[in-house]
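Engineer: Following this line is target_21.cif, made up of mmCIF, C-alpha atoms, pLDDT in the B column; chains and numbers go by the auth columns:
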```cif
data_final
#
loop_
_atom_site.group_PDB
_atom_site.id
_atom_site.type_symbol
_atom_site.label_atom_id
_atom_site.label_comp_id
_atom_site.label_asym_id
_atom_site.label_seq_id
_atom_site.Cartn_x
_atom_site.Cartn_y
_atom_site.Cartn_z
_atom_site.B_iso_or_equiv
_atom_site.auth_seq_id
_atom_site.auth_asym_id
ATOM 1 C CA LYS A 1 0.000 0.000 0.000 51.00 1476 A
ATOM 2 C CA ARG A 2 1.228 3.471 -0.767 47.00 1477 A
ATOM 3 C CA LEU A 3 0.519 6.405 1.470 43.00 1478 A
ATOM 4 C CA ASP A 4 1.031 9.835 -0.008 44.00 1479 A
ATOM 5 C CA PHE A 5 1.294 12.804 2.313 42.00 1480 A
ATOM 6 C CA THR A 6 2.809 16.253 2.439 41.00 1481 A
ATOM 7 C CA VAL A 7 5.327 17.353 5.064 41.00 1482 A
ATOM 8 C CA CYS A 8 7.042 20.599 5.811 40.00 1483 A
ATOM 9 C CA ASP A 9 10.647 20.888 4.697 43.00 1484 A
ATOM 10 C CA ARG A 10 12.407 22.414 7.716 48.00 1485 A
ATOM 11 C CA SER A 11 15.252 23.828 5.614 50.00 1486 A
ATOM 12 C CA GLN A 12 12.809 26.139 3.831 50.00 1487 A
ATOM 13 C CA SER A 13 9.715 26.570 5.947 49.00 1488 A
ATOM 14 C CA THR A 14 7.702 28.120 3.111 51.00 1489 A
ATOM 15 C CA VAL A 15 8.270 25.160 0.790 51.00 1490 A
ATOM 16 C CA MET A 16 6.223 22.002 1.077 53.00 1491 A
ATOM 17 C CA ARG A 17 7.396 18.713 -0.339 55.00 1492 A
ATOM 18 C CA LYS A 18 5.678 15.442 -0.947 61.00 1493 A
ATOM 19 C CA SER A 19 6.997 12.306 0.650 61.00 1494 A
ATOM 20 C CA LEU A 20 6.130 8.774 -0.200 67.00 1495 A
ATOM 21 C CA ILE A 21 5.954 5.963 2.314 69.00 1496 A
ATOM 22 C CA GLU A 22 5.661 2.452 0.977 68.00 1497 A
ATOM 23 C CA VAL A 23 4.351 -0.261 3.265 73.00 1498 A
ATOM 24 C CA VAL A 24 5.328 -3.717 2.045 78.00 1499 A
ATOM 25 C CA PRO A 25 4.354 -7.072 3.528 87.00 1500 A
ATOM 26 C CA VAL A 26 6.841 -9.263 5.371 90.00 1501 A
ATOM 27 C CA ILE A 27 7.464 -12.515 3.512 92.00 1502 A
ATOM 28 C CA PRO A 28 6.907 -15.432 5.937 93.00 1503 A
ATOM 29 C CA GLU A 29 9.916 -17.697 6.549 94.00 1504 A
ATOM 30 C CA ALA A 30 8.133 -20.634 4.878 95.00 1505 A
ATOM 31 C CA LEU A 31 7.969 -18.592 1.641 95.00 1506 A
ATOM 32 C CA ALA A 32 11.344 -16.869 1.992 94.00 1507 A
ATOM 33 C CA ARG A 33 12.438 -17.630 -1.589 94.00 1508 A
ATOM 34 C CA LEU A 34 9.295 -16.266 -3.223 95.00 1509 A
ATOM 35 C CA PRO A 35 11.034 -12.937 -4.065 94.00 1510 A
ATOM 36 C CA GLU A 36 13.866 -14.925 -5.696 93.00 1511 A
ATOM 37 C CA LEU A 37 11.323 -16.703 -7.882 93.00 1512 A
ATOM 38 C CA ALA A 38 9.683 -13.363 -8.703 92.00 1513 A
ATOM 39 C CA GLY A 39 13.037 -11.944 -9.789 91.00 1514 A
ATOM 40 C CA ASN A 40 13.819 -14.767 -12.219 90.00 1515 A
ATOM 41 C CA LEU A 41 12.137 -15.055 -15.628 88.00 1516 A
ATOM 42 C CA PHE A 42 11.719 -18.761 -14.899 87.00 1517 A
ATOM 43 C CA PHE A 43 8.198 -17.994 -13.620 88.00 1518 A
ATOM 44 C CA SER A 44 7.172 -16.707 -17.055 88.00 1519 A
ATOM 45 C CA TRP A 45 7.462 -20.080 -18.803 88.00 1520 A
ATOM 46 C CA HIS A 46 6.902 -22.425 -15.854 89.00 1521 A
ATOM 47 C CA ARG A 47 3.145 -22.418 -15.306 92.00 1522 A
ATOM 48 C CA PRO A 48 3.182 -23.975 -11.800 93.00 1523 A
ATOM 49 C CA ALA A 49 5.570 -21.226 -10.647 92.00 1524 A
ATOM 50 C CA ARG A 50 3.368 -18.550 -12.215 94.00 1525 A
ATOM 51 C CA ALA A 51 0.309 -20.103 -10.562 94.00 1526 A
ATOM 52 C CA LEU A 52 1.935 -19.621 -7.146 94.00 1527 A
ATOM 53 C CA PHE A 53 1.639 -15.857 -7.578 95.00 1528 A
ATOM 54 C CA GLU A 54 -1.746 -15.892 -9.257 95.00 1529 A
ATOM 55 C CA ASP A 55 -3.271 -18.087 -6.537 95.00 1530 A
ATOM 56 C CA LEU A 56 -2.236 -15.659 -3.790 95.00 1531 A
ATOM 57 C CA ASP A 57 -4.694 -13.048 -5.119 94.00 1532 A
ATOM 58 C CA PRO A 58 -6.042 -13.519 -8.674 94.00 1533 A
ATOM 59 C CA GLU A 59 -7.533 -10.014 -8.865 93.00 1534 A
ATOM 60 C CA LEU A 60 -4.300 -8.345 -7.743 92.00 1535 A
ATOM 61 C CA TRP A 61 -2.319 -10.564 -10.163 93.00 1536 A
ATOM 62 C CA ASN A 62 -4.405 -9.163 -13.033 92.00 1537 A
ATOM 63 C CA GLN A 63 -4.090 -5.600 -11.738 91.00 1538 A
ATOM 64 C CA CYS A 64 -0.298 -6.026 -11.628 90.00 1539 A
ATOM 65 C CA ARG A 65 -0.434 -7.380 -15.212 91.00 1540 A
ATOM 66 C CA GLY A 66 1.410 -10.551 -14.233 91.00 1541 A
ATOM 67 C CA ASN A 67 4.333 -8.760 -12.566 93.00 1542 A
ATOM 68 C CA PRO A 68 5.219 -10.888 -9.508 94.00 1543 A
ATOM 69 C CA ARG A 69 7.690 -8.377 -8.043 93.00 1544 A
ATOM 70 C CA LEU A 70 5.065 -5.650 -8.041 91.00 1545 A
ATOM 71 C CA MET A 71 2.469 -8.063 -6.717 92.00 1546 A
ATOM 72 C CA LEU A 72 4.632 -9.043 -3.737 92.00 1547 A
ATOM 73 C CA ARG A 73 4.960 -5.369 -2.836 90.00 1548 A
ATOM 74 C CA CYS A 74 1.185 -4.789 -3.015 89.00 1549 A
ATOM 75 C CA LEU A 75 -0.062 -8.059 -1.535 91.00 1550 A
ATOM 76 C CA PRO A 76 -1.913 -7.932 1.799 91.00 1551 A
ATOM 77 C CA GLN A 77 0.011 -9.569 4.642 92.00 1552 A
ATOM 78 C CA ARG A 78 -2.927 -11.867 5.408 94.00 1553 A
ATOM 79 C CA ALA A 79 -2.664 -13.457 1.935 94.00 1554 A
ATOM 80 C CA LEU A 80 0.997 -14.355 2.494 94.00 1555 A
ATOM 81 C CA ASP A 81 0.295 -15.648 5.999 95.00 1556 A
ATOM 82 C CA ALA A 82 -2.579 -17.793 4.714 96.00 1557 A
ATOM 83 C CA ALA A 83 -0.377 -19.264 1.970 96.00 1558 A
ATOM 84 C CA ALA A 84 2.403 -19.990 4.477 95.00 1559 A
ATOM 85 C CA GLY A 85 -0.083 -21.993 6.552 95.00 1560 A
ATOM 86 C CA ASP A 86 -1.579 -23.931 3.629 96.00 1561 A
ATOM 87 C CA PRO A 87 0.109 -27.361 3.212 96.00 1562 A
ATOM 88 C CA GLN A 88 -1.070 -27.703 -0.403 97.00 1563 A
ATOM 89 C CA TYR A 89 0.357 -24.294 -1.358 96.00 1564 A
ATOM 90 C CA LEU A 90 3.621 -25.074 0.454 96.00 1565 A
ATOM 91 C CA GLY A 91 3.916 -28.353 -1.462 97.00 1566 A
ATOM 92 C CA ARG A 92 3.512 -26.552 -4.789 96.00 1567 A
ATOM 93 C CA TYR A 93 5.947 -23.848 -3.631 96.00 1568 A
ATOM 94 C CA THR A 94 8.561 -26.477 -2.686 96.00 1569 A
ATOM 95 C CA ALA A 95 8.142 -28.259 -6.037 96.00 1570 A
ATOM 96 C CA ALA A 96 8.515 -24.996 -7.980 95.00 1571 A
ATOM 97 C CA MET A 97 11.626 -24.012 -6.023 95.00 1572 A
ATOM 98 C CA GLN A 98 13.181 -27.445 -6.617 95.00 1573 A
ATOM 99 C CA ARG A 99 12.470 -27.042 -10.320 93.00 1574 A
ATOM 100 C CA LEU A 100 14.045 -23.549 -10.277 92.00 1575 A
ATOM 101 C CA ASP A 101 17.129 -24.922 -8.499 92.00 1576 A
ATOM 102 C CA ALA A 102 17.432 -27.723 -11.070 91.00 1577 A
ATOM 103 C CA TYR A 103 17.080 -25.201 -13.897 89.00 1578 A
ATOM 104 C CA LEU A 104 19.773 -22.939 -12.433 87.00 1579 A
ATOM 105 C CA ALA A 105 22.127 -25.861 -11.751 86.00 1580 A
ATOM 106 C CA ALA A 106 21.757 -27.426 -15.210 83.00 1581 A
ATOM 107 C CA ARG A 107 24.871 -27.412 -17.346 71.00 1582 A
ATOM 108 C CA PRO A 108 24.574 -25.481 -20.583 70.00 1583 A
ATOM 109 C CA HIS A 109 24.231 -27.552 -23.740 66.00 1584 A
ATOM 110 C CA GLY A 110 24.908 -26.830 -27.373 65.00 1585 A
ATOM 111 C CA PRO A 111 27.261 -23.950 -28.246 66.00 1586 A
ATOM 112 C CA ALA A 112 26.932 -22.506 -24.729 60.00 1587 A
ATOM 113 C CA SER A 113 28.696 -25.563 -23.244 62.00 1588 A
ATOM 114 C CA ARG A 114 32.010 -24.487 -24.814 63.00 1589 A
ATOM 115 C CA TRP A 115 32.202 -21.257 -22.811 59.00 1590 A
ATOM 116 C CA SER A 116 33.728 -21.046 -19.397 56.00 1591 A
ATOM 117 C CA PRO A 117 31.958 -18.739 -16.921 57.00 1592 A
ATOM 118 C CA ILE A 118 34.706 -16.161 -17.470 54.00 1593 A
ATOM 119 C CA SER A 119 34.589 -16.184 -21.270 53.00 1594 A
ATOM 120 C CA ALA A 120 30.822 -16.566 -21.593 52.00 1595 A
ATOM 121 C CA PRO A 121 29.180 -13.746 -23.511 55.00 1596 A
ATOM 122 C CA SER A 122 26.685 -11.550 -21.708 58.00 1597 A
ATOM 123 C CA THR A 123 23.040 -12.437 -22.126 58.00 1598 A
ATOM 124 C CA ALA A 124 20.456 -9.699 -22.529 59.00 1599 A
ATOM 125 C CA PHE A 125 16.709 -10.119 -22.267 57.00 1600 A
ATOM 126 C CA THR A 126 14.501 -7.587 -23.988 56.00 1601 A
ATOM 127 C CA ARG A 127 10.866 -6.890 -23.273 54.00 1602 A
ATOM 128 C CA ALA A 128 8.471 -6.921 -26.194 54.00 1603 A
ATOM 129 C CA SER A 129 5.404 -4.716 -26.353 47.00 1604 A
ATOM 130 C CA ARG A 130 3.395 -7.432 -24.620 51.00 1605 A
ATOM 131 C CA SER A 131 4.502 -9.116 -21.446 54.00 1606 A
ATOM 132 C CA THR A 132 5.803 -12.681 -21.527 56.00 1607 A
ATOM 133 C CA ARG A 133 2.760 -13.844 -19.588 56.00 1608 A
ATOM 134 C CA GLU A 134 0.328 -12.243 -22.025 59.00 1609 A
ATOM 135 C CA ALA A 135 2.139 -13.693 -25.023 52.00 1610 A
ATOM 136 C CA SER A 136 2.231 -17.143 -23.439 54.00 1611 A
ATOM 137 C CA ALA A 137 -1.447 -16.997 -22.499 55.00 1612 A
ATOM 138 C CA SER A 138 -2.558 -15.994 -25.992 51.00 1613 A
ATOM 139 C CA TRP A 139 -0.572 -18.695 -27.816 49.00 1614 A
ATOM 140 C CA PRO A 140 -2.872 -21.417 -29.185 49.00 1615 A
ATOM 141 C CA GLU A 141 -2.515 -24.621 -27.170 51.00 1616 A
ATOM 142 C CA THR A 142 -2.629 -26.772 -30.324 49.00 1617 A
ATOM 143 C CA ILE A 143 0.573 -25.249 -31.704 48.00 1618 A
ATOM 144 C CA ALA A 144 3.954 -25.980 -30.168 51.00 1619 A
ATOM 145 C CA LYS A 145 5.347 -22.856 -28.507 50.00 1620 A
ATOM 146 C CA PRO A 146 8.734 -21.662 -29.750 51.00 1621 A
ATOM 147 C CA GLN A 147 11.536 -21.853 -27.224 52.00 1622 A
ATOM 148 C CA ALA A 148 12.750 -18.449 -26.067 52.00 1623 A
ATOM 149 C CA THR A 149 16.321 -17.741 -27.104 51.00 1624 A
ATOM 150 C CA PRO A 150 18.081 -14.887 -25.318 52.00 1625 A
ATOM 151 C CA ALA A 151 19.989 -12.400 -27.408 52.00 1626 A
ATOM 152 C CA ARG A 152 23.748 -12.818 -27.150 54.00 1627 A
ATOM 153 C CA ILE A 153 25.882 -9.734 -26.718 54.00 1628 A
ATOM 154 C CA SER A 154 29.652 -10.085 -26.835 52.00 1629 A
ATOM 155 C CA TRP A 155 31.756 -7.306 -25.438 56.00 1630 A
ATOM 156 C CA PRO A 156 35.148 -6.583 -27.013 50.00 1631 A
#
```
Could you write out this structure as structure tokens?
Structural biologist:
Amino acid sequence: KRLDFTVCDRSQSTVMRKSLIEVVPVIPEALARLPELAGNLFFSWHRPARALFEDLDPELWNQCRGNPRLMLRCLPQRALDAAAGDPQYLGRYTAAMQRLDAYLAARPHGPASRWSPISAPSTAFTRASRSTREASASWPETIAKPQATPARISWP
């Protein structure tokens, strides 16, 4: 929740300035890695991971246009506490985090396997006019979805 209010700037008593206070929920210990999942694009193509955010508050998920980082900042504390106490949600959360860990630990294959971490080119992700979630949701289920390939940028 955002609270907007005006305070007096003591350095210049005739000037008023606006200050912004942002109140964010505390992530329960049982869901401590939820912000990590929100910060990784893995959620955008892994439907069970995306469902973790959507199931917390479907209306807020739509208002945030599928942005999990924004959603976690706007989510009511009671929704996080309820999810942390729900064994079914915790089971899905654990499975998604294990899948994320496996994805991050996987060795590169194809041309990427020849690069050492030091000589690997930088990878850049660009955002199209529509979000990844919207594009994924609108893709016909009968057609195989293309695999996302990050753009490779090599620095001299």
Engineer: What does the distance from atom CA of A:Pro1503 to atom CA of A:Ala1581 come to in Å, to one decimal?
Structural biologist: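 Going from atom CA of A:Pro1503 over to atom CA of A:Ala1581 covers 28.5 Å.
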Engineer: Of the candidates A:Leu1535, A:Leu1516, A:Leu1527, A:Ala1559, which shows the shortest atom-to-atom distance to A:Val1501, using only C-alpha atoms?
Structural biologist: A:Ala1559
Engineer: Written as a list in words, which residues does the PyMOL selection byres ((chain A and resi 1511) around 12) give for the file shown?
Structural biologist: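 What the PyMOL selection byres ((chain A and resi 1511) around 12) grabs from the file is Ile1502, Leu1506, Ala1507, Arg1508, Leu1509, Pro1510, Leu1512, Ala1513, Gly1514, Asn1515, Leu1516, Phe1517, Phe1518, Ala1524, Pro1543, Arg1544, Leu1547, Ala1571, Met1572, Leu1575 and Asp1576 of chain A.
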Engineer: Applying 10 Å and all atoms listed in the file, which residues near A:Leu1531 remain after dropping the ones on its own chain fewer than 6 positions away? List them as a ChimeraX atom specification.
Structural biologist: /A:1546-1547,1550-1551,1553-1555,1557-1558,1564
Engineer: What is the atom CA of A:Trp1536-atom CA of A:Leu1579 distance in Å, reported with one decimal?
Structural biologist: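 Atom CA of A:Trp1536 sits 25.4 Å away from atom CA of A:Leu1579.
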Engineer: To one decimal place in Å, what is the distance between atom CA of A:Gln1538 and atom CA of A:Arg1567?
Structural biologist: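 Calculated distance between atom CA of A:Gln1538 and atom CA of A:Arg1567 is 23.3 Å.
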Engineer: Here is a test: counting only C-alpha atoms, which residue of A:Ala1505, A:Asp1556, A:Tyr1568, A:Arg1582 is nearest to A:Ala1526?
Structural biologist: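 So, comparing all the options, the nearest one is A:Tyr1568.
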Engineer: My structure is short of atoms at stretch 1523-1553 of chain A; please model N, CA and C atoms there, returning them as an mmCIF file, in the coordinates of the input.
Structural biologist:
```cif
data_model
loop_
_atom_site.group_PDB
_atom_site.id
_atom_site.type_symbol
_atom_site.label_atom_id
_atom_site.label_comp_id
_atom_site.auth_asym_id
_atom_site.auth_seq_id
_atom_site.Cartn_x
_atom_site.Cartn_y
_atom_site.Cartn_z
ATOM 1 N N PRO A 1523 3.403 -23.790 -13.240
ATOM 2 C CA PRO A 1523 3.182 -23.975 -11.800
ATOM 3 C C PRO A 1523 3.810 -22.860 -10.957
ATOM 4 N N ALA A 1524 4.948 -22.337 -11.383
ATOM 5 C CA ALA A 1524 5.570 -21.226 -10.647
ATOM 6 C C ALA A 1524 4.723 -19.966 -10.792
ATOM 7 N N ARG A 1525 4.221 -19.718 -11.983
ATOM 8 C CA ARG A 1525 3.368 -18.550 -12.215
ATOM 9 C C ARG A 1525 2.073 -18.668 -11.411
ATOM 10 N N ALA A 1526 1.553 -19.885 -11.308
ATOM 11 C CA ALA A 1526 0.309 -20.103 -10.562
ATOM 12 C C ALA A 1526 0.482 -19.800 -9.076
ATOM 13 N N LEU A 1527 1.702 -19.952 -8.555
ATOM 14 C CA LEU A 1527 1.935 -19.621 -7.146
ATOM 15 C C LEU A 1527 1.578 -18.165 -6.868
ATOM 16 N N PHE A 1528 1.941 -17.279 -7.762
ATOM 17 C CA PHE A 1528 1.639 -15.857 -7.578
ATOM 18 C C PHE A 1528 0.163 -15.578 -7.833
ATOM 19 N N GLU A 1529 -0.356 -16.145 -8.902
ATOM 20 C CA GLU A 1529 -1.746 -15.892 -9.257
ATOM 21 C C GLU A 1529 -2.702 -16.384 -8.170
ATOM 22 N N ASP A 1530 -2.392 -17.518 -7.554
ATOM 23 C CA ASP A 1530 -3.271 -18.087 -6.537
ATOM 24 C C ASP A 1530 -3.273 -17.293 -5.231
ATOM 25 N N LEU A 1531 -2.252 -16.482 -5.002
ATOM 26 C CA LEU A 1531 -2.236 -15.659 -3.790
ATOM 27 C C LEU A 1531 -3.377 -14.645 -3.810
ATOM 28 N N ASP A 1532 -3.617 -14.031 -4.961
ATOM 29 C CA ASP A 1532 -4.694 -13.048 -5.119
ATOM 30 C C ASP A 1532 -4.917 -12.841 -6.618
ATOM 31 N N PRO A 1533 -5.843 -13.593 -7.220
ATOM 32 C CA PRO A 1533 -6.042 -13.519 -8.674
ATOM 33 C C PRO A 1533 -6.372 -12.109 -9.179
ATOM 34 N N GLU A 1534 -7.165 -11.367 -8.432
ATOM 35 C CA GLU A 1534 -7.533 -10.014 -8.865
ATOM 36 C C GLU A 1534 -6.309 -9.094 -8.867
ATOM 37 N N LEU A 1535 -5.508 -9.169 -7.810
ATOM 38 C CA LEU A 1535 -4.300 -8.345 -7.743
ATOM 39 C C LEU A 1535 -3.304 -8.763 -8.824
ATOM 40 N N TRP A 1536 -3.205 -10.061 -9.105
ATOM 41 C CA TRP A 1536 -2.319 -10.564 -10.163
ATOM 42 C C TRP A 1536 -2.671 -9.905 -11.501
ATOM 43 N N ASN A 1537 -3.973 -9.811 -11.790
ATOM 44 C CA ASN A 1537 -4.405 -9.163 -13.033
ATOM 45 C C ASN A 1537 -4.142 -7.663 -12.998
ATOM 46 N N GLN A 1538 -4.355 -7.035 -11.855
ATOM 47 C CA GLN A 1538 -4.090 -5.600 -11.738
ATOM 48 C C GLN A 1538 -2.607 -5.299 -11.934
ATOM 49 N N CYS A 1539 -1.749 -6.202 -11.483
ATOM 50 C CA CYS A 1539 -0.298 -6.026 -11.628
ATOM 51 C C CYS A 1539 0.186 -6.494 -12.996
ATOM 52 N N ARG A 1540 -0.740 -6.923 -13.849
ATOM 53 C CA ARG A 1540 -0.434 -7.380 -15.212
ATOM 54 C C ARG A 1540 0.617 -8.490 -15.230
ATOM 55 N N GLY A 1541 0.510 -9.409 -14.259
ATOM 56 C CA GLY A 1541 1.410 -10.551 -14.233
ATOM 57 C C GLY A 1541 2.818 -10.232 -13.786
ATOM 58 N N ASN A 1542 3.010 -9.140 -13.068
ATOM 59 C CA ASN A 1542 4.333 -8.760 -12.566
ATOM 60 C C ASN A 1542 4.459 -9.238 -11.119
ATOM 61 N N PRO A 1543 5.174 -10.340 -10.864
ATOM 62 C CA PRO A 1543 5.219 -10.888 -9.508
ATOM 63 C C PRO A 1543 5.963 -10.003 -8.514
ATOM 64 N N ARG A 1544 6.961 -9.257 -8.971
ATOM 65 C CA ARG A 1544 7.690 -8.377 -8.043
ATOM 66 C C ARG A 1544 6.786 -7.261 -7.543
ATOM 67 N N LEU A 1545 6.017 -6.683 -8.439
ATOM 68 C CA LEU A 1545 5.065 -5.650 -8.041
ATOM 69 C C LEU A 1545 3.985 -6.244 -7.143
ATOM 70 N N MET A 1546 3.519 -7.425 -7.498
ATOM 71 C CA MET A 1546 2.469 -8.063 -6.717
ATOM 72 C C MET A 1546 2.915 -8.307 -5.281
ATOM 73 N N LEU A 1547 4.145 -8.780 -5.094
ATOM 74 C CA LEU A 1547 4.632 -9.043 -3.737
ATOM 75 C C LEU A 1547 4.707 -7.766 -2.911
ATOM 76 N N ARG A 1548 4.916 -6.639 -3.563
ATOM 77 C CA ARG A 1548 4.960 -5.369 -2.836
ATOM 78 C C ARG A 1548 3.562 -4.879 -2.469
ATOM 79 N N CYS A 1549 2.552 -5.276 -3.228
ATOM 80 C CA CYS A 1549 1.185 -4.789 -3.015
ATOM 81 C C CYS A 1549 0.288 -5.781 -2.282
ATOM 82 N N LEU A 1550 0.752 -6.987 -2.100
ATOM 83 C CA LEU A 1550 -0.062 -8.059 -1.535
ATOM 84 C C LEU A 1550 -0.372 -7.819 -0.058
ATOM 85 N N PRO A 1551 -1.603 -8.051 0.374
ATOM 86 C CA PRO A 1551 -1.913 -7.932 1.799
ATOM 87 C C PRO A 1551 -1.164 -9.002 2.604
ATOM 88 N N GLN A 1552 -0.739 -8.649 3.786
ATOM 89 C CA GLN A 1552 0.011 -9.569 4.642
ATOM 90 C C GLN A 1552 -0.785 -10.840 4.916
ATOM 91 N N ARG A 1553 -2.098 -10.699 5.084
ATOM 92 C CA ARG A 1553 -2.927 -11.867 5.408
ATOM 93 C C ARG A 1553 -2.887 -12.917 4.301
#
```
